[in-house]
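Trainee: Got a structure here, written out as structure tokens. Questions coming.
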2 protein chains.
Amino acid sequence: MSIITIVGAGMMGSAMNAPALTNGHEVRLVGTPLDREIIDSVKKNHYHPTLVHTLDEKVIPYQIEDLDKALEGCDLVLSGVSSFGVEWFAQTVLPKLKSGARVLAITKGLHAGTDGALIPYPTYLNSLRPDIDFMAVGGPCICFELQEHRHTLIYFCGKDLDKVKETRALFATDYYHIIPTDDVIGVETGVAMKNAYAMGVSLAVGLSDRDIGITDARGIAGQHGTNSLDYNPRYNPQAALFGQSCIEMSRLTRILGGNPRLISGLPGAGDLYVTVFGGRTRRLGTLLGRGMTYAQAREVLKGVTLESVAIITKVAESLRIRAKRGEIDPAKSFPLLMHMDAIINRGAAVEIPWENFGSCESDF
Amino acid sequence: MSIITIVGAGMMGSAMNAPALTNGHEVRLVGTPLDREIIDSVKKNHYHPTLVHTLDEKVIPYQIEDLDKALEGCDLVLSGVSSFGVEWFAQTVLPKLKSGARVLAITKGLHAGTDGALIPYPTYLNSLRPDIDFMAVGGPCICFELQEHRHTLIYFCGKDLDKVKETRALFATDYYHIIPTDDVIGVETGVAMKNAYAMGVSLAVGLSDRDIGITDARGIAGQHGTNSLDYNPRYNPQAALFGQSCIEMSRLTRILGGNPRLISGLPGAGDLYVTVFGGRTRRLGTLLGRGMTYAQAREVLKGVTLESVAIITKVAESLRIRAKRGEIDPAKSFPLLMHMDAIINRGAAVEIPWENFGSCESDF
């Protein structure tokens with residue numbers, strides 16, 4: 001039995017209670033300042049309002065004021081913050097951790113360094129605290145399904161493979177299948193980019209809707225919308241964008257120094273598959289495909305955290321810097337990503353750049 | 001204007017009339033002996049009964065007796081036969097073609113050579129007629145959507161890239177986007193294997209149904225069943241199998257000498273994405289996942305052509321031969337494929353070999 005302290009009581013972080021409890025660990029769930037109501041609810045009757053699930057009563061809830069108590073004697077800290085919470089985590093939690101502590105993160109994203117560098121969060125956090133082992137989870141996982149013990153296959157990555165394997169032993173169950181790897185860049189690039197490209201694939205869903213005259217937000221609720229609405233299902237364009245997305249994810253992984261072939265696996269293709277079905281990013285892409293501007297779509301989805309938008313913007317900016325250095329031609333190598341950036345950040349209308357799609361053998 | 005003769009009036013071959021007509025070519029559609037009723041119907045009122053579409057009256061239908069006439073003066077033969085029709089095509093059509101003729105095939109599959117060799121059909125046919133240019137189409141394309149001019153992104157492959165580019169010029173339109181490549185093995189391995197692995201991913205659909213007590217064939221019509229029925233949608237297991245499928249497709253492509261990275265693109269991931277949504281292979285996988293034996297599932301789907309079963313059997317056999325030579329360990333490198341083979345050919349129950357999934361770094 002180990003003590004696992006989850007910091008960040010969002011849906012995905014919280015759902016990690018499931019494999020931890022299955023393995024008999026003590027699970028402490030600490031809310032960030034944004035999670036106050038969630039923790040209040042769990043304290044009251046174990047109900048997690050965004051995970052829409054009554055947690056096992058063994059999960060011990062803590063408000064942020066009790067962070068010290070929650071960290072006392074813990075064997076592993078699970079960072080459940082989103083990419084918008086990484087700096088908060090670095091400033092608030094890291095200083096409290098002992099040398100040699102282990103941190104496993106479910107955060108999706110890349111840290112923008114100087115000169116266009118894109119750095120996986122474990123590597124970034126490690127630069128702040130070289131005495132701590134930072135690891136991360138990557139691969140297709142819908143939190144609700146993990147909570148209900150559905151078979152899930154993901155990677156744990158970290159620079160020290162032995163530590164990753166030890167951490168795997170804490171969480172591996174007969175439904176939570178973990179592949180250990182030390183390819184942090186490969187896993188984390190896939191993890192981050194699948195959010196971006198899920199928006200890309202969803203553009204095709206919206207474009208098909210537009211073909212039959214649907215240009216408004218019907219069927220797209222704000223925060224808790226259903227995702228399976230598909231008024232005019234057409235799969236060739238979706239599959240084209242899916243394939244192109246995988247090509248661009250592979251290419252970015254190679255540029256950043258990871259194994260691009262990892263993308264034709266769980267953190268890339270598999271993760272994109274599940275993300276296209278689920279959630280906010282699909283709703284955003286669908287609205288844009290129907291013809292809304294980003295500002296209009298944002299209004300429909302107000303209050304929704306859109307990590308996809310942040311990562312698209314960040315990576316496009318990095319690619320422009322690399323282009324200025326003459327390293328790549330973003331319009332040729334990342335036509336879909338650059339188009340998404342133009343839609344979001346420059347008010348461009350959706351106009352899929354088909355002619356630039358493909359394998360672009362020279363840098364593939 | 002060129003003359004394009006489509007031999008094989010199945011759905012996919014026939015749908016290729018669309019880009020050909022858009023480009024102003026003369027289109028001749030020749031039925032195989034199995035397509036007699038289709039051609040009768042097209043002759044009568046232009047209606048294609050399996051494509052469920054009234055063809056443009058410019059499409060000229062021919063019964064097989066009139067093959068010679070249909071081939072007369074044609075600039076390109078489009079082979080629309082399934083893998084089960086390749087030998088028929090080789091024996092019936094090839095002898096009638098002139099030296100220097102061009103053949104573009106939509107056939108999905110691999111030819112089983114001696115000693116475990118798996119040979120793309122263009123390469124196989126080229127060995128029979130070295131004086132003909134054989135090319136093939138690969139990538140995600142649902143025939144109905146091509147017929148209605150939906151955006152579609154696919155590869156044309158052939159050993160002579162210039163010829164491939166010439167052929168591309170015949171078919172490229174503003175909705176049919178063609179990437180030319182000379183990586184015949186890469187494209188054709190993806191094309192063939194996505195059918196096999198669509199069954200693998202669909203096992204998860206059936207397993208989820210079984211979780212809520214559905215073990216019969218409800219919702220699964222025979223030949224013309226709808227595909228979107230999903231009684232208990234759960235995506236983590238599907239995504240896990242999707243990712244593992246891409247891993248195994250990459251691996252096989254590498255073993256056969258193609259560029260494995262092509263799989264994280266259109267012929268692999270993109271094509272699998274579209275195939276999982278559409279058609280008979282999903283129905284088969286779902287039934288097996290629900291707990292039916294292969295014999296029982298086959299009975300539900302009687303009369304349905306199952307290329308997936310043929311390719312699984314053929315590739316598993318090849319892998320066993322390679323294993324005997326000590327080249328690979330199929331249980332480790334192709335656990336999903338070998339399990340599908342056991343289900344189909346040895347009556348095994350569905351029991352996903354999770355523990356063998358993953359990147360298997362040694363040969364990835």
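Letters A, B, ... go to the chains of the structure tokens in the order shown; residues in each chain start at 1; ligands are counted from 1 in the same order.
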Based on only C-alpha atoms, which of the residues in chain A come within 9 Å of chain B? I want them as an NGL selection string.
Mentor: :A and (139-142 or 145-146 or 150-155 or 174-175 or 177-181 or 234-250 or 260-274 or 277-278 or 354-355 or 357-359 or 361 or 364)
Trainee: Report as a PDB file with C-alpha atoms, in the first residue's frame all protein, DNA and RNA residues lying within 12 Å of A:Lys58, evaluated on only C-alpha atoms, omitting residues in the same chain fewer than 4 positions from it.
Mentor:
ATOM      1  CA  ILE A   3      -0.099   6.899  -0.431  1.00  0.00           C
ATOM      2  CA  ASN A  17      -8.429   7.343  -8.072  1.00  0.00           C
ATOM      3  CA  ALA A  18      -9.845   4.248  -9.752  1.00  0.00           C
ATOM      4  CA  ALA A  20      -5.072   3.557  -7.345  1.00  0.00           C
ATOM      5  CA  LEU A  21      -7.925   2.242  -5.206  1.00  0.00           C
ATOM      6  CA  THR A  22      -8.085  -1.033  -7.112  1.00  0.00           C
ATOM      7  CA  GLY A  24      -5.282  -0.803  -2.443  1.00  0.00           C
ATOM      8  CA  HIS A  25      -3.505   2.518  -2.130  1.00  0.00           C
ATOM      9  CA  GLU A  26      -4.548   5.397   0.058  1.00  0.00           C
ATOM     10  CA  VAL A  27      -5.874   8.130  -2.214  1.00  0.00           C
ATOM     11  CA  ARG A  28      -5.912  11.787  -1.228  1.00  0.00           C
ATOM     12  CA  LEU A  29      -7.653  14.238  -3.555  1.00  0.00           C
ATOM     13  CA  VAL A  42     -16.890  15.203  -2.210  1.00  0.00           C
ATOM     14  CA  LYS A  43     -16.541  16.098   1.457  1.00  0.00           C
ATOM     15  CA  ASN A  45     -21.359  13.015   0.165  1.00  0.00           C
ATOM     16  CA  HIS A  46     -18.478  11.697  -1.981  1.00  0.00           C
ATOM     17  CA  THR A  54     -20.003   9.154  -6.462  1.00  0.00           C
TER      18      THR A  54
END
Trainee: Between atom CA of A:Leu161 and atom CA of A:Met135, what is the distance, to one decimal in Å?
Mentor: 9.8 Å
Trainee: As number ranges by chain, which residues of stretch 2-45 of chain B does DSSP assign to alpha helix (DSSP H)?
Mentor: B: 11-15, 17-22, 36-45
Trainee: What's the 12 Å shell around B:Lys163, counting only C-alpha atoms, without same-chain residues fewer than 3 positions away, as a ChimeraX atom specification?
Mentor: /B:76,100-104,132-136,156-160,166-170,180-182
Trainee: Can you tell me, as number ranges by chain, which residues in stretch 32-223 of chain B count as strand (DSSP E) by DSSP?
Mentor: B: 47-48, 53-54, 60-62, 76-79, 102-105, 110-112, 118-120, 133-138, 152-158, 176-181
Trainee: Which of these residues is nearest to A:Asp56, using only C-alpha atoms: A:Gln147, A:Phe84, A:Val137, A:Gly206?
Mentor: A:Gln147
Trainee: Excluding B:Met292 and any residue of its chain fewer than 6 positions from it, enumerate the residues within 12 Å of it, using only C-alpha atoms, and give them as a compact mmCIF listing (two decimals) with N, CA, C and O atoms, in the first residue's frame.
Mentor:
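Okay, this is what ended up in selection.txt:
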# COMPACT_ATOMS: atom_id res chain seq x y z
N LEU B 203 -14.20 -5.44 -32.22
CA LEU B 203 -14.38 -6.38 -31.11
C LEU B 203 -14.77 -5.61 -29.84
O LEU B 203 -15.60 -6.07 -29.06
N GLY B 206 -18.43 -4.80 -29.67
CA GLY B 206 -19.21 -5.97 -29.24
C GLY B 206 -19.01 -6.30 -27.77
O GLY B 206 -19.95 -6.66 -27.07
N LEU B 207 -17.78 -6.14 -27.29
CA LEU B 207 -17.51 -6.42 -25.88
C LEU B 207 -18.30 -5.47 -24.98
O LEU B 207 -18.81 -5.87 -23.94
N ARG B 210 -21.78 -6.60 -24.89
CA ARG B 210 -21.90 -7.78 -24.03
C ARG B 210 -21.98 -7.38 -22.56
O ARG B 210 -22.67 -8.01 -21.75
N ILE B 214 -26.03 -7.76 -24.16
CA ILE B 214 -26.40 -8.01 -25.56
C ILE B 214 -25.44 -9.03 -26.16
O ILE B 214 -24.26 -8.76 -26.35
N THR B 215 -25.96 -10.22 -26.42
CA THR B 215 -25.10 -11.28 -26.96
C THR B 215 -25.65 -11.84 -28.27
O THR B 215 -25.08 -12.78 -28.82
N ASP B 216 -26.74 -11.28 -28.74
CA ASP B 216 -27.32 -11.78 -29.99
C ASP B 216 -27.01 -10.82 -31.15
O ASP B 216 -26.15 -9.96 -31.03
N ALA B 217 -27.73 -10.98 -32.24
CA ALA B 217 -27.43 -10.19 -33.45
C ALA B 217 -28.32 -8.97 -33.59
O ALA B 217 -28.42 -8.41 -34.68
N ARG B 283 -19.51 -5.07 -38.50
CA ARG B 283 -20.59 -5.94 -38.06
C ARG B 283 -20.03 -7.28 -37.58
O ARG B 283 -20.46 -7.83 -36.57
N LEU B 284 -19.04 -7.79 -38.34
CA LEU B 284 -18.43 -9.06 -37.95
C LEU B 284 -17.74 -8.93 -36.59
O LEU B 284 -17.96 -9.75 -35.68
N GLY B 285 -16.92 -7.91 -36.43
CA GLY B 285 -16.19 -7.72 -35.18
C GLY B 285 -17.14 -7.54 -33.99
O GLY B 285 -16.90 -8.05 -32.89
N THR B 286 -18.22 -6.81 -34.23
CA THR B 286 -19.18 -6.57 -33.16
C THR B 286 -19.83 -7.89 -32.71
O THR B 286 -19.94 -8.16 -31.51
N ARG B 298 -20.79 -15.77 -38.93
CA ARG B 298 -20.80 -16.00 -40.38
C ARG B 298 -22.21 -16.29 -40.86
O ARG B 298 -22.61 -15.89 -41.95
N GLU B 299 -22.95 -16.99 -40.01
CA GLU B 299 -24.33 -17.34 -40.36
C GLU B 299 -25.19 -16.07 -40.43
O GLU B 299 -26.00 -15.90 -41.35
N VAL B 300 -24.98 -15.17 -39.47
CA VAL B 300 -25.73 -13.90 -39.49
C VAL B 300 -25.39 -13.10 -40.75
O VAL B 300 -26.26 -12.49 -41.37
N ILE B 343 -9.48 -16.56 -33.33
CA ILE B 343 -10.95 -16.46 -33.25
C ILE B 343 -11.59 -17.05 -34.51
O ILE B 343 -12.54 -17.83 -34.45
N ILE B 344 -11.04 -16.66 -35.63
CA ILE B 344 -11.65 -17.05 -36.90
C ILE B 344 -11.35 -18.50 -37.27
O ILE B 344 -12.24 -19.23 -37.69
N GLY B 347 -11.66 -21.17 -33.54
CA GLY B 347 -12.79 -21.14 -32.61
C GLY B 347 -12.49 -20.52 -31.26
O GLY B 347 -13.23 -20.74 -30.29
N ALA B 348 -11.42 -19.74 -31.17
CA ALA B 348 -11.08 -19.13 -29.87
C ALA B 348 -12.13 -18.10 -29.47
O ALA B 348 -12.74 -17.45 -30.32
N ALA B 349 -12.34 -17.97 -28.17
CA ALA B 349 -13.22 -16.92 -27.66
C ALA B 349 -12.43 -15.60 -27.63
O ALA B 349 -11.20 -15.60 -27.55
N VAL B 350 -13.17 -14.50 -27.69
CA VAL B 350 -12.51 -13.19 -27.66
C VAL B 350 -11.95 -12.95 -26.26
O VAL B 350 -12.67 -13.00 -25.26
Trainee: So, counting only C-alpha atoms, which residue among A:Gly200, A:Pro19, A:Gly80, A:Gly31 is closest to A:Glu148?
Mentor: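 Distance minimum relative to A:Glu148 lands on A:Pro19.
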Trainee: Find the spatial neighbours of A:Asp68, counting only C-alpha atoms, within a cut-off of 10 Å - ignore same-chain residues fewer than 5 positions away - and output them as a PyMOL selection string.
Mentor: chain A and resi 62+73+93+96-97
Trainee: Contacts of A:Ile185 at 8 Å or less, counting only C-alpha atoms, minus same-chain residues fewer than 4 places along, as JSON, numbers by chain?
Mentor: {"A": [119, 120, 189, 253, 256, 257, 258, 259]}
Trainee: Taking only C-alpha atoms into account, name the residue in A:Ala117, A:Leu301, A:Leu306, A:Ile4 that is nearest to A:Ala198.
Mentor: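 Looking only at the distances to A:Ala198, the closest residue turns out to be A:Leu306.
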Trainee: Report, in Å to a single decimal, how far apart atom CA of A:Asp183 and atom CA of B:Leu319 are.
Mentor: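 Atom-to-atom, atom CA of B:Leu319 and atom CA of A:Asp183 are spaced 28.3 Å apart.
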Trainee: For atom CA of A:Pro353 and atom CA of A:Pro335, determine how far apart the two atoms are, in Å to one decimal place.
Mentor: 6.6 Å
Trainee: Need to verify the contact set: B:Arg346, 12 Å, only C-alpha atoms, exclusion of same-chain residues closer than 6 positions in sequence. Can you return it as a ChimeraX atom specification?
Mentor: /B:293-295,313,338-340
